[in-house]
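Dumped data35.cif below, it's mmCIF, C-alpha atoms:
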```cif
data_work
loop_
_atom_site.label_atom_id
_atom_site.label_comp_id
_atom_site.auth_asym_id
_atom_site.auth_seq_id
_atom_site.Cartn_x
_atom_site.Cartn_y
_atom_site.Cartn_z
CA MET A 1304 12.59 -22.95 12.50
CA PHE A 1305 12.89 -19.87 10.26
CA PRO A 1306 11.06 -20.52 6.96
CA LYS A 1307 13.89 -19.56 4.54
CA ARG A 1308 12.30 -20.95 1.35
CA PHE A 1309 8.97 -19.34 2.13
CA VAL A 1310 10.55 -15.94 2.81
CA LEU A 1311 12.71 -16.16 -0.32
CA LYS A 1312 9.64 -16.90 -2.45
CA ARG A 1313 7.81 -13.94 -0.91
CA LEU A 1314 10.84 -11.67 -1.42
CA LEU A 1315 11.05 -12.69 -5.08
CA LEU A 1316 7.39 -11.76 -5.50
CA LEU A 1317 8.32 -8.20 -4.52
CA VAL A 1318 10.01 -7.81 -7.93
CA PRO A 1319 6.89 -8.29 -10.15
CA VAL A 1320 4.80 -6.27 -7.69
CA LEU A 1321 7.15 -3.29 -7.88
CA ILE A 1322 7.54 -3.56 -11.66
CA GLY A 1323 3.73 -3.75 -11.93
CA VAL A 1324 3.20 -0.67 -9.75
CA ALA A 1325 6.00 1.24 -11.51
CA THR A 1326 4.48 0.43 -14.92
CA LEU A 1327 1.00 1.46 -13.79
CA VAL A 1328 2.27 4.74 -12.33
CA PHE A 1329 4.31 5.48 -15.46
CA SER A 1330 1.38 4.72 -17.78
CA ILE A 1331 -1.21 6.66 -15.78
CA LEU A 1332 1.03 9.71 -15.56
CA HIS A 1333 1.75 9.53 -19.27
CA LEU A 1334 -1.93 9.23 -20.16
CA SER A 1335 -2.96 12.06 -17.83
CA PRO A 1336 -3.05 15.59 -19.26
CA GLY A 1337 -0.32 18.14 -18.48
CA ASP A 1338 3.23 18.85 -19.58
CA PRO A 1339 5.95 18.44 -16.91
CA ALA A 1340 8.26 20.82 -18.80
CA LEU A 1341 5.60 23.52 -18.77
CA THR A 1342 4.94 22.87 -15.07
CA ILE A 1343 8.60 23.46 -14.25
CA ALA A 1344 9.07 26.43 -16.54
CA GLY A 1345 5.83 28.15 -15.62
CA GLU A 1346 3.13 29.30 -17.98
CA ARG A 1347 4.90 32.58 -18.87
CA ALA A 1348 8.16 30.89 -19.92
CA SER A 1349 9.36 31.08 -23.50
CA GLN A 1350 8.92 28.12 -25.85
CA GLU A 1351 12.73 27.80 -26.12
CA PHE A 1352 13.09 27.45 -22.36
CA VAL A 1353 10.31 24.86 -22.21
CA GLU A 1354 11.99 22.89 -25.02
CA ARG A 1355 15.33 23.00 -23.21
CA ILE A 1356 13.75 21.60 -20.05
CA ARG A 1357 12.00 18.93 -22.09
CA ALA A 1358 15.34 17.89 -23.61
CA ASP A 1359 17.05 17.92 -20.18
CA LEU A 1360 14.40 15.65 -18.72
CA GLY A 1361 14.56 13.27 -21.69
CA LEU A 1362 10.91 13.95 -22.54
CA ASN A 1363 11.78 14.14 -26.24
CA ASP A 1364 12.86 10.50 -26.22
CA PRO A 1365 10.27 7.94 -27.34
CA ILE A 1366 8.06 6.71 -24.50
CA TRP A 1367 9.59 3.19 -24.56
CA VAL A 1368 13.05 4.68 -23.99
CA GLN A 1369 11.64 6.78 -21.14
CA TYR A 1370 10.02 3.64 -19.70
CA ILE A 1371 13.26 1.63 -19.71
CA ASP A 1372 15.11 4.60 -18.14
CA PHE A 1373 12.36 4.92 -15.55
CA LEU A 1374 12.56 1.24 -14.57
CA GLY A 1375 16.34 1.58 -14.23
CA ASN A 1376 15.88 4.61 -11.98
CA VAL A 1377 13.24 2.79 -9.92
CA ALA A 1378 15.70 -0.06 -9.36
CA ARG A 1379 18.15 2.50 -7.94
CA PHE A 1380 15.32 4.31 -6.12
CA ASP A 1381 16.27 7.47 -7.98
CA PHE A 1382 13.31 9.57 -9.11
CA GLY A 1383 15.29 12.71 -9.87
CA GLU A 1384 14.44 16.11 -8.45
CA SER A 1385 11.13 17.62 -7.41
CA TYR A 1386 9.72 19.92 -10.13
CA VAL A 1387 7.56 22.19 -8.02
CA ILE A 1388 7.16 21.42 -4.30
CA ASN A 1389 10.84 21.33 -3.30
CA ARG A 1390 12.74 22.57 -6.32
CA ASN A 1391 16.36 21.38 -6.66
CA THR A 1392 15.81 18.79 -3.94
CA THR A 1393 15.97 15.11 -4.78
CA VAL A 1394 12.80 13.07 -4.30
CA ARG A 1395 14.76 10.72 -2.06
CA GLU A 1396 15.59 13.66 0.23
CA VAL A 1397 11.98 14.89 0.25
CA LEU A 1398 10.74 11.39 1.07
CA SER A 1399 13.33 10.89 3.81
CA ASN A 1400 11.89 13.99 5.52
CA THR A 1401 8.22 13.14 5.15
CA LEU A 1402 8.08 9.34 5.29
CA PRO A 1403 9.07 9.03 8.99
CA VAL A 1404 6.20 11.40 9.89
CA THR A 1405 3.59 9.16 8.28
CA LEU A 1406 5.26 5.98 9.49
CA GLU A 1407 5.30 7.28 13.06
CA LEU A 1408 1.62 8.15 12.84
CA ALA A 1409 0.67 4.80 11.27
CA LEU A 1410 2.81 2.82 13.71
CA TYR A 1411 1.28 4.47 16.80
CA GLY A 1412 -2.20 4.10 15.27
CA GLN A 1413 -1.53 0.42 14.65
CA LEU A 1414 -0.07 -0.03 18.12
CA PHE A 1415 -3.17 1.59 19.61
CA GLY A 1416 -5.39 -0.68 17.50
CA ILE A 1417 -3.52 -3.84 18.54
CA LEU A 1418 -3.17 -2.96 22.23
CA PHE A 1419 -6.87 -2.27 22.65
CA GLY A 1420 -8.44 -4.26 19.80
CA ILE A 1421 -7.07 -7.72 20.70
CA PRO A 1422 -7.99 -7.70 24.43
CA LEU A 1423 -11.41 -6.22 23.64
CA GLY A 1424 -12.03 -8.92 21.02
CA VAL A 1425 -10.99 -11.70 23.43
CA LEU A 1426 -13.10 -10.20 26.22
CA SER A 1427 -16.09 -9.89 23.91
CA ALA A 1428 -15.79 -13.54 22.80
CA VAL A 1429 -15.25 -14.90 26.32
CA LYS A 1430 -18.21 -12.88 27.65
CA GLN A 1431 -20.43 -13.67 24.65
CA ASP A 1432 -23.97 -12.24 24.78
CA THR A 1433 -23.34 -10.31 28.00
CA ILE A 1434 -23.50 -6.54 28.42
CA THR A 1435 -19.68 -6.37 27.97
CA ASP A 1436 -19.99 -8.15 24.61
CA HIS A 1437 -22.81 -5.90 23.41
CA ALA A 1438 -20.97 -2.74 24.47
CA THR A 1439 -17.76 -3.86 22.72
CA ARG A 1440 -19.63 -4.76 19.54
CA VAL A 1441 -21.51 -1.45 19.43
CA GLY A 1442 -18.22 0.38 20.10
CA ALA A 1443 -16.50 -1.55 17.30
CA LEU A 1444 -19.32 -0.82 14.88
CA ALA A 1445 -19.13 2.88 15.74
CA GLY A 1446 -15.34 2.83 15.33
CA ILE A 1447 -15.61 1.32 11.85
CA SER A 1448 -18.43 3.64 10.79
CA VAL A 1449 -17.08 7.00 11.95
CA PRO A 1450 -14.85 8.67 9.32
CA ILE A 1451 -11.54 10.31 10.30
CA PHE A 1452 -12.56 13.73 8.94
CA TRP A 1453 -15.41 13.75 11.49
CA SER A 1454 -13.80 12.05 14.51
CA GLY A 1455 -10.60 14.14 14.16
CA PRO A 1456 -12.18 17.59 14.52
CA LEU A 1457 -14.54 16.28 17.26
CA LEU A 1458 -11.64 14.93 19.33
CA ILE A 1459 -9.74 18.19 18.79
CA LEU A 1460 -12.79 20.07 19.99
CA LEU A 1461 -13.13 17.93 23.12
CA PHE A 1462 -9.54 17.27 24.17
CA ALA A 1463 -7.82 20.39 22.84
CA GLN A 1464 -10.43 23.16 22.94
CA VAL A 1465 -12.72 22.19 25.83
CA LEU A 1466 -10.48 20.16 28.14
CA GLY A 1467 -7.17 21.64 26.96
CA VAL A 1468 -5.36 18.32 27.55
CA PHE A 1469 -3.72 17.89 24.14
CA PRO A 1470 -2.37 20.33 21.55
CA THR A 1471 -4.43 20.86 18.39
CA SER A 1472 -1.76 20.45 15.72
CA GLY A 1473 1.88 19.84 14.87
CA ARG A 1474 4.36 17.18 16.01
CA ILE A 1475 6.13 18.99 18.86
CA SER A 1476 5.89 22.31 20.67
CA SER A 1477 7.22 25.19 18.57
CA SER A 1478 9.66 26.11 21.38
CA PHE A 1479 11.69 22.96 20.60
CA SER A 1480 13.90 22.24 17.61
CA VAL A 1481 14.35 18.57 16.69
CA SER A 1482 16.62 19.03 13.67
CA ALA A 1483 19.77 18.83 15.82
CA ILE A 1484 18.85 15.46 17.31
CA ARG A 1485 17.40 13.86 14.15
CA VAL A 1486 18.23 10.16 13.85
CA THR A 1487 15.14 8.36 12.54
CA GLY A 1488 12.97 11.38 11.72
CA MET A 1489 10.32 10.14 14.17
CA VAL A 1490 10.21 12.79 16.88
CA THR A 1491 9.13 10.56 19.75
CA ILE A 1492 11.96 8.10 19.06
CA ASP A 1493 14.59 10.78 18.33
CA THR A 1494 13.84 12.67 21.53
CA LEU A 1495 13.93 9.40 23.47
CA ILE A 1496 17.32 8.46 21.99
CA ALA A 1497 18.69 11.92 22.78
CA GLY A 1498 17.33 11.69 26.33
CA GLU A 1499 15.49 15.01 25.93
CA TRP A 1500 12.62 14.26 28.29
CA ASP A 1501 10.78 17.59 27.98
CA MET A 1502 10.86 17.27 24.22
CA PHE A 1503 9.79 13.63 24.44
CA ARG A 1504 6.81 14.52 26.62
CA SER A 1505 5.80 17.25 24.19
CA ALA A 1506 6.14 14.88 21.19
CA VAL A 1507 4.05 12.18 22.90
CA ARG A 1508 1.34 14.72 23.80
CA HIS A 1509 1.25 15.90 20.18
CA MET A 1510 1.14 12.34 18.84
CA LEU A 1511 -1.57 10.95 21.14
CA LEU A 1512 -4.62 12.54 19.56
CA PRO A 1513 -3.74 11.81 15.89
CA SER A 1514 -2.79 8.22 16.83
CA LEU A 1515 -6.10 7.82 18.63
CA VAL A 1516 -8.00 9.11 15.60
CA ILE A 1517 -6.15 6.88 13.15
CA GLY A 1518 -6.16 3.91 15.53
CA ILE A 1519 -9.90 3.85 16.32
CA TYR A 1520 -10.81 2.25 13.00
CA SER A 1521 -7.96 -0.24 13.32
CA MET A 1522 -8.97 -1.11 16.89
CA ALA A 1523 -12.60 -1.63 15.90
CA LEU A 1524 -11.73 -3.91 13.00
CA ILE A 1525 -9.20 -5.93 15.02
CA SER A 1526 -11.59 -6.41 17.94
CA ARG A 1527 -14.40 -7.61 15.64
CA MET A 1528 -12.07 -10.01 13.87
CA MET A 1529 -10.56 -11.25 17.12
CA ARG A 1530 -14.03 -11.87 18.57
CA SER A 1531 -15.30 -13.95 15.64
CA SER A 1532 -12.01 -15.83 15.36
CA MET A 1533 -11.94 -16.58 19.09
CA LEU A 1534 -15.58 -17.73 19.05
CA GLU A 1535 -14.71 -20.20 16.32
CA VAL A 1536 -11.63 -21.46 18.13
CA VAL A 1537 -13.38 -22.02 21.48
CA ARG A 1538 -15.76 -24.45 19.76
CA GLN A 1539 -12.89 -26.64 18.51
CA ASP A 1540 -12.37 -30.18 19.83
CA TYR A 1541 -8.86 -29.47 21.17
CA MET A 1542 -10.28 -26.72 23.40
CA ARG A 1543 -12.89 -29.11 24.78
CA THR A 1544 -10.18 -31.74 25.30
CA ALA A 1545 -8.02 -29.26 27.20
CA ARG A 1546 -10.96 -28.38 29.46
CA ALA A 1547 -11.83 -32.08 29.90
CA LYS A 1548 -8.27 -32.73 31.07
CA GLY A 1549 -8.92 -30.31 33.90
CA GLN A 1550 -7.24 -27.18 32.54
CA GLY A 1551 -8.72 -23.90 33.76
CA ALA A 1552 -10.80 -21.75 31.39
CA LYS A 1553 -8.36 -18.82 31.35
CA ILE A 1554 -5.32 -21.02 30.72
CA THR A 1555 -7.14 -22.90 27.93
CA ILE A 1556 -8.09 -19.63 26.23
CA LEU A 1557 -4.65 -18.08 26.55
CA LYS A 1558 -2.53 -21.16 25.88
CA HIS A 1559 -4.52 -22.97 23.18
CA GLY A 1560 -7.11 -20.54 21.87
CA PHE A 1561 -5.27 -17.24 21.63
CA ARG A 1562 -2.49 -18.28 19.24
CA ASN A 1563 -4.85 -20.05 16.85
CA ALA A 1564 -7.37 -17.24 16.92
CA LEU A 1565 -4.61 -14.75 16.15
CA ILE A 1566 -3.87 -16.07 12.61
CA PRO A 1567 -6.72 -14.31 10.72
CA VAL A 1568 -6.26 -11.24 12.94
CA ILE A 1569 -2.60 -10.96 11.87
CA THR A 1570 -3.73 -10.93 8.22
CA ILE A 1571 -6.18 -8.13 8.99
CA ILE A 1572 -3.46 -6.17 10.82
CA GLY A 1573 -1.23 -6.39 7.72
CA ILE A 1574 -3.93 -5.27 5.31
CA GLN A 1575 -4.98 -2.66 7.83
CA PHE A 1576 -1.49 -1.11 7.87
CA GLY A 1577 -1.89 -0.15 4.21
CA GLY A 1578 -5.22 1.42 5.12
CA LEU A 1579 -3.54 3.32 7.96
CA LEU A 1580 -0.98 4.74 5.53
CA GLY A 1581 -3.88 5.87 3.35
CA GLY A 1582 -5.82 7.16 6.36
CA ALA A 1583 -2.76 9.12 7.38
CA VAL A 1584 -3.52 11.52 4.49
CA LEU A 1585 -6.70 12.68 6.24
CA THR A 1586 -5.23 12.65 9.74
CA GLU A 1587 -2.19 14.62 8.59
CA THR A 1588 -4.51 17.20 7.06
CA VAL A 1589 -6.75 17.47 10.14
CA PHE A 1590 -3.80 17.80 12.55
CA ALA A 1591 -1.55 19.86 10.22
CA ILE A 1592 1.23 17.25 10.22
CA GLY A 1593 3.27 17.32 7.02
CA GLY A 1594 3.67 13.66 6.08
CA ILE A 1595 3.90 11.65 2.88
CA GLY A 1596 0.11 11.61 2.39
CA THR A 1597 -0.17 15.39 2.32
CA LEU A 1598 2.89 15.48 0.06
CA LEU A 1599 1.25 13.09 -2.43
CA VAL A 1600 -1.98 15.09 -2.61
CA GLU A 1601 -0.02 18.33 -3.09
CA ALA A 1602 2.20 16.72 -5.76
CA ILE A 1603 -0.83 15.47 -7.73
CA GLU A 1604 -2.44 18.93 -7.53
CA VAL A 1605 0.61 20.78 -8.89
CA GLY A 1606 1.75 18.03 -11.29
CA ASP A 1607 5.05 17.23 -9.56
CA TYR A 1608 5.48 13.86 -11.33
CA PRO A 1609 8.75 12.69 -9.73
CA ILE A 1610 7.24 13.17 -6.26
CA VAL A 1611 4.06 11.32 -7.30
CA GLN A 1612 6.09 8.42 -8.71
CA GLY A 1613 8.41 8.24 -5.70
CA THR A 1614 5.57 8.46 -3.18
CA VAL A 1615 3.34 5.86 -4.83
CA LEU A 1616 6.23 3.41 -5.21
CA THR A 1617 7.28 3.96 -1.60
CA PHE A 1618 3.69 3.23 -0.51
CA ALA A 1619 3.67 0.06 -2.65
CA PHE A 1620 7.05 -1.05 -1.30
CA LEU A 1621 6.00 -0.46 2.31
CA PHE A 1622 2.70 -2.24 1.82
CA THR A 1623 4.31 -5.33 0.29
CA LEU A 1624 7.00 -5.32 2.97
CA VAL A 1625 4.39 -5.23 5.73
CA ASN A 1626 2.54 -8.07 4.05
CA LEU A 1627 5.80 -10.03 3.91
CA VAL A 1628 6.21 -9.55 7.66
CA VAL A 1629 2.59 -10.67 8.11
CA ASP A 1630 3.19 -13.79 6.01
CA ILE A 1631 6.28 -14.67 8.03
CA THR A 1632 4.41 -14.08 11.28
CA TYR A 1633 1.52 -16.33 10.44
CA SER A 1634 3.77 -18.97 8.96
CA TYR A 1635 5.37 -18.95 12.40
CA LEU A 1636 1.98 -19.13 14.14
CA ASP A 1637 0.73 -21.90 11.83
CA PRO A 1638 3.63 -23.90 10.27
CA ARG A 1639 1.14 -25.62 7.89
CA ILE A 1640 1.01 -22.36 5.88
CA GLN A 1641 4.65 -22.85 4.80
CA GLN A 1642 3.58 -26.00 2.93
CA MET B 1229 9.02 -33.67 -17.99
CA PRO B 1230 6.14 -32.14 -15.99
CA GLU B 1231 8.09 -28.91 -15.25
CA LEU B 1232 8.85 -28.35 -18.92
CA SER B 1233 5.23 -28.85 -19.90
CA ALA B 1234 4.13 -26.42 -17.16
CA ILE B 1235 6.57 -23.80 -18.47
CA ARG B 1236 5.33 -24.44 -22.00
CA GLU B 1237 1.71 -24.03 -20.86
CA ARG B 1238 2.49 -20.76 -19.09
CA GLY B 1239 4.45 -19.54 -22.12
CA ARG B 1240 1.48 -20.36 -24.33
CA LEU B 1241 -0.84 -18.33 -22.07
CA VAL B 1242 1.40 -15.26 -22.09
CA ALA B 1243 2.19 -15.60 -25.81
CA GLY B 1244 -1.53 -15.94 -26.64
CA GLY B 1245 -2.25 -12.68 -24.84
CA ALA B 1246 0.77 -11.02 -26.43
CA VAL B 1247 -0.35 -11.98 -29.95
CA VAL B 1248 -3.80 -10.48 -29.31
CA GLY B 1249 -2.11 -7.33 -27.96
CA GLY B 1250 0.20 -7.21 -30.96
CA ILE B 1251 -2.76 -7.40 -33.36
CA ALA B 1252 -4.90 -4.93 -31.39
CA THR B 1253 -2.17 -2.22 -31.31
CA PRO B 1254 -2.18 -1.25 -35.02
CA LEU B 1255 -5.99 -1.20 -34.91
CA LEU B 1256 -5.91 1.10 -31.87
CA MET B 1257 -3.32 3.34 -33.54
CA VAL B 1258 -5.33 3.57 -36.75
CA GLY B 1259 -8.41 4.37 -34.70
CA LEU B 1260 -6.57 7.17 -32.86
CA VAL B 1261 -5.12 8.61 -36.07
CA VAL B 1262 -8.36 8.45 -38.08
CA ALA B 1263 -10.98 9.18 -35.42
CA ALA B 1264 -9.12 11.57 -33.10
CA GLY B 1265 -6.63 13.03 -35.58
CA THR B 1266 -3.69 12.06 -33.33
CA PRO B 1267 -0.26 12.13 -35.06
CA PRO B 1268 1.03 8.55 -35.69
CA MET B 1269 3.94 8.86 -33.21
CA ALA B 1270 1.63 10.19 -30.47
CA ALA B 1271 -0.80 7.36 -31.24
CA ALA B 1272 2.03 4.83 -30.78
CA GLU B 1273 2.98 6.45 -27.47
CA THR B 1274 -0.64 6.38 -26.27
CA ALA B 1275 -0.93 2.73 -27.30
CA PHE B 1276 2.29 1.98 -25.38
CA ALA B 1277 0.94 3.64 -22.22
CA PHE B 1278 -2.39 1.87 -22.70
CA GLY B 1279 -0.53 -1.46 -22.95
CA GLY B 1280 1.42 -0.48 -19.83
CA LEU B 1281 -1.83 -0.27 -17.87
CA TRP B 1282 -2.76 -3.84 -18.83
CA PHE B 1283 0.78 -5.12 -18.30
CA GLY B 1284 1.06 -3.50 -14.85
CA PHE B 1285 -2.40 -4.72 -13.83
CA GLY B 1286 -1.67 -8.25 -15.06
CA LEU B 1287 1.68 -8.39 -13.29
CA LEU B 1288 0.19 -7.14 -10.02
CA GLY B 1289 -2.75 -9.51 -10.29
CA TRP B 1290 -0.49 -12.46 -11.06
CA ALA B 1291 1.82 -11.70 -8.13
CA GLY B 1292 -1.20 -11.21 -5.86
CA SER B 1293 -2.69 -14.53 -6.98
CA VAL B 1294 0.58 -16.36 -6.35
CA ALA B 1295 1.07 -14.70 -2.96
CA SER B 1296 -2.42 -14.90 -1.50
CA GLY B 1297 -4.54 -16.85 -3.99
CA ARG B 1298 -4.58 -20.08 -2.01
CA ALA B 1299 -5.53 -18.26 1.19
CA VAL B 1300 -8.37 -16.47 -0.61
CA GLU B 1301 -9.49 -19.74 -2.19
CA ALA B 1302 -9.48 -21.48 1.19
CA ALA B 1303 -11.38 -18.59 2.77
CA GLN B 1304 -14.01 -18.72 0.02
CA GLU B 1305 -14.39 -22.47 0.44
CA HIS B 1306 -14.65 -22.03 4.19
CA LEU B 1307 -17.30 -19.32 3.85
CA GLU B 1308 -19.11 -21.32 1.14
CA THR B 1309 -19.36 -18.29 -1.14
CA GLY B 1310 -19.79 -20.47 -4.23
CA THR B 1311 -17.94 -18.01 -6.49
CA GLU B 1312 -15.85 -20.81 -8.08
CA TRP B 1313 -12.90 -18.44 -8.02
CA THR B 1314 -9.64 -20.35 -7.90
CA GLU B 1315 -6.00 -19.33 -7.56
CA ARG B 1316 -5.06 -21.26 -10.71
CA ARG B 1317 -7.70 -19.61 -12.87
CA SER B 1318 -6.88 -16.17 -11.51
CA ARG B 1319 -3.17 -16.73 -12.21
CA ARG B 1320 -3.91 -17.89 -15.76
CA ALA B 1321 -6.22 -14.95 -16.43
CA MET B 1322 -3.65 -12.49 -15.10
CA ALA B 1323 -0.92 -14.10 -17.22
CA ARG B 1324 -3.10 -13.56 -20.30
CA ILE B 1325 -3.85 -9.94 -19.34
CA GLY B 1326 -0.17 -9.26 -18.64
CA GLY B 1327 0.75 -10.90 -21.94
CA PHE B 1328 -1.79 -8.74 -23.75
CA GLY B 1329 -0.30 -5.60 -22.18
CA GLY B 1330 3.26 -6.71 -22.92
CA GLY B 1331 2.33 -7.50 -26.53
CA THR B 1332 0.71 -4.10 -26.91
CA MET B 1333 3.78 -2.36 -25.49
CA VAL B 1334 6.22 -4.23 -27.76
CA SER B 1335 4.01 -3.79 -30.82
CA ALA B 1336 3.56 -0.05 -30.08
CA ALA B 1337 7.34 0.36 -29.67
CA VAL B 1338 8.04 -1.39 -33.00
CA LEU B 1339 5.31 0.51 -34.87
CA GLY B 1340 6.37 3.78 -33.26
CA THR B 1341 9.95 3.24 -34.40
CA ILE B 1342 8.69 2.59 -37.93
CA VAL B 1343 6.36 5.61 -38.12
CA GLY B 1344 8.66 7.87 -36.12
#
```

So, in terms of structure tokens, how does the structure I just supplied come out?
Amino acid sequence: MFPKRFVLKRLLLLVPVLIGVATLVFSILHLSPGDPALTIAGERASQEFVERIRADLGLNDPIWVQYIDFLGNVARFDFGESYVINRNTTVREVLSNTLPVTLELALYGQLFGILFGIPLGVLSAVKQDTITDHATRVGALAGISVPIFWSGPLLILLFAQVLGVFPTSGRISSSFSVSAIRVTGMVTIDTLIAGEWDMFRSAVRHMLLPSLVIGIYSMALISRMMRSSMLEVVRQDYMRTARAKGQGAKITILKHGFRNALIPVITIIGIQFGGLLGGAVLTETVFAIGGIGTLLVEAIEVGDYPIVQGTVLTFAFLFTLVNLVVDITYSYLDPRIQQ
Amino acid sequence: MPELSAIRERGRLVAGGAVVGGIATPLLMVGLVVAAGTPPMAAAETAFAFGGLWFGFGLLGWAGSVASGRAVEAAQEHLETGTEWTERRSRRAMARIGGFGGGTMVSAAVLGTIVG
């Protein structure tokens, strides 16, 4: 049964979370040095011009009036226009161009982590204290320990420079233009929808290496979690009972153990997704992919406040939404959680 | 009614924090004006933003405690960490912090309107 009450409660919690994040962002930006009007006008602009911009932006209003206006704009997801990075372009427009890039990267990274992390974790637990288990654990430890800014260039060096299997940067070959077939903004999906197979192949080849880099950490964490969770589950009485009733080892693991062992792993996957969005900043930089992470860093550097506000709130919204999905998933896996 | 008393208890927590925030704001403003030479209006605006930090943190912490507090509590019990951290205490602390921030923001807005 779909847990309506549970989901409603979780959805209602989104409101204080977003107000909290919006208030924090507003306060931090207000306390940080720098004048947005001066940033827009440029340092050589006349005082009159700067004052006019300040009045246009409502910066002469008391801070509490600005705060109320800001919360109203947040509710409408309207952060105004970019000051510096994309002048005269709304933040919503800028985000709609960059967000799919990061999402695509994080989604493939997560997919990679799940597809390899879960089976490796199960295998490691089932073959406890064998050479397979030791190899998986060492691999997982290495995956968690190696930072993206080191593994990224190394993988580029190996797969792009030495072997020449994958391209070094970008999202698709420069000979293709994806703007005409844009639907979701994610090149692999857009090219697939349009049935452009050459473009699709190029997009997948460009996406593989960054996804691998971003997914290694996720895979390592998931496999470690899956192993310890599975080891705990296999010691439970119901597993012994299933075996005593004559059920085969594989069936017992897959039918009774897997679902129960998955609950803490699902939580980790949810938390991990936020980390992947953060990790996307580094991966985007290493592979020269212009996503929301790169945009945020650039906006902080040049003082483009509307972009900073829009990006941080989008991150917060996405993170809470993913956690909502996680909550629903594990309330489905373990109905006791709904209580 | 148990629900009414629970609401009253929560209200008391938030109000307690808000009163402390309300009292702390003029002191902070005076400190900024006297020690840093900040104009009174700018001091009120700084106090408002300062209160916003506490309010935002409290709100986020409260929502986080409500959403995942029980799971964290259960995990800590399971792992026998012995931290004595509980969802209820976290929620109450966050309500106080949020109340303090809210009180500071309201007080700064009122004082700013007076001095501005």

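Atom pair atom CA of A:Thr1401 / atom CA of A:Ile1595 has a distance of 5.1 Å (rounded to one decimal).
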
(request) Compute the chain B side of the contact with chain A at 12 Å, counting only C-alpha atoms, and hand it back as JSON, numbers by chain. (result) {"B": [1269, 1270, 1271, 1272, 1273, 1274, 1275, 1276, 1277, 1278, 1279, 1280, 1281, 1282, 1283, 1284, 1285, 1286, 1287, 1288, 1289, 1290, 1291, 1292, 1293, 1294, 1295, 1296, 1298, 1299, 1300, 1302, 1303, 1322, 1326, 1329, 1330, 1332, 1333, 1334, 1335, 1336, 1337, 1338, 1339, 1340, 1341, 1342, 1343, 1344]}

(request) Could you expand the PyMOL selection byres ((chain A and resi 1599) around 9) into the explicit residues it covers here, written as a PyMOL selection string? (result) chain A and resi 1584+1594-1598+1600-1604+1610-1611+1614-1615

(request) Enumerate, as a list in words, the protein, DNA and RNA residues whose atoms approach (1.0, -9.1, 10.6) to within 8 Å, taking into account all atoms listed in the file and the coordinate frame of the file. (result)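 The distance filter leaves exactly Val1568, Ile1569, Thr1570, Ile1571, Ile1572, Gly1573, Val1625, Asn1626, Val1628, Val1629, Asp1630, Thr1632 and Tyr1633 of chain A.
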
(request) Check which residues satisfy the PyMOL selection byres ((chain A and resi 1559) around 12) in the file shown, then give them as a list in words. (result)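 Selected by the PyMOL selection byres ((chain A and resi 1559) around 12) here: Met1533, Val1536, Val1537, Arg1538, Gln1539, Asp1540, Tyr1541, Met1542, Arg1543, Thr1544, Ala1545, Arg1546, Gln1550, Gly1551, Ala1552, Lys1553, Ile1554, Thr1555, Ile1556, Leu1557, Lys1558, Gly1560, Phe1561, Arg1562, Asn1563, Ala1564, Leu1565 and Leu1636 of chain A.
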
Any idea what's packed within 7 Å of B:Glu1301, counting all atoms listed in the file, ignoring anything in its chain fewer than 6 positions away? Could you give it as a PDB file with C-alpha atoms, in the frame of the given file?
```pdb
ATOM      1  CA  TRP B1313     -12.900 -18.440  -8.020  1.00  0.00           C
ATOM      2  CA  THR B1314      -9.640 -20.350  -7.900  1.00  0.00           C
ATOM      3  CA  GLU B1315      -6.000 -19.330  -7.560  1.00  0.00           C
TER       4      GLU B1315
END
```

(request) Quick one: everything within 8 Å of A:Gly1455, counting all atoms listed in the file, minus sequence neighbours fewer than 3 positions away in the same chain. Send it as a list in words. (result)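 Using all atoms listed in the file, the neighbours found are Ile1451, Phe1452, Leu1458, Ile1459, Pro1513, Val1516, Thr1586, Val1589 and Phe1590 of chain A.
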
Output stretch 1282-1288 of chain B with N, CA and C atoms present, as a JSON list (two decimals), in the coordinates of the input.
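As a result, selection.json now contains:
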```
[["chain", "number", "residue", "atom", "x", "y", "z"],
["B", 1282, "TRP", "N", -2.39, -2.42, -18.85],
["B", 1282, "TRP", "CA", -2.76, -3.84, -18.83],
["B", 1282, "TRP", "C", -1.61, -4.69, -18.28],
["B", 1283, "PHE", "N", -0.40, -4.35, -18.74],
["B", 1283, "PHE", "CA", 0.78, -5.12, -18.30],
["B", 1283, "PHE", "C", 0.96, -4.99, -16.78],
["B", 1284, "GLY", "N", 0.88, -3.75, -16.28],
["B", 1284, "GLY", "CA", 1.06, -3.50, -14.85],
["B", 1284, "GLY", "C", -0.03, -4.19, -14.03],
["B", 1285, "PHE", "N", -1.27, -4.09, -14.53],
["B", 1285, "PHE", "CA", -2.40, -4.72, -13.83],
["B", 1285, "PHE", "C", -2.23, -6.24, -13.82],
["B", 1286, "GLY", "N", -1.85, -6.79, -14.96],
["B", 1286, "GLY", "CA", -1.67, -8.25, -15.06],
["B", 1286, "GLY", "C", -0.57, -8.75, -14.14],
["B", 1287, "LEU", "N", 0.54, -8.00, -14.12],
["B", 1287, "LEU", "CA", 1.68, -8.39, -13.29],
["B", 1287, "LEU", "C", 1.32, -8.35, -11.81],
["B", 1288, "LEU", "N", 0.61, -7.27, -11.43],
["B", 1288, "LEU", "CA", 0.19, -7.14, -10.02],
["B", 1288, "LEU", "C", -0.80, -8.23, -9.64]]
```
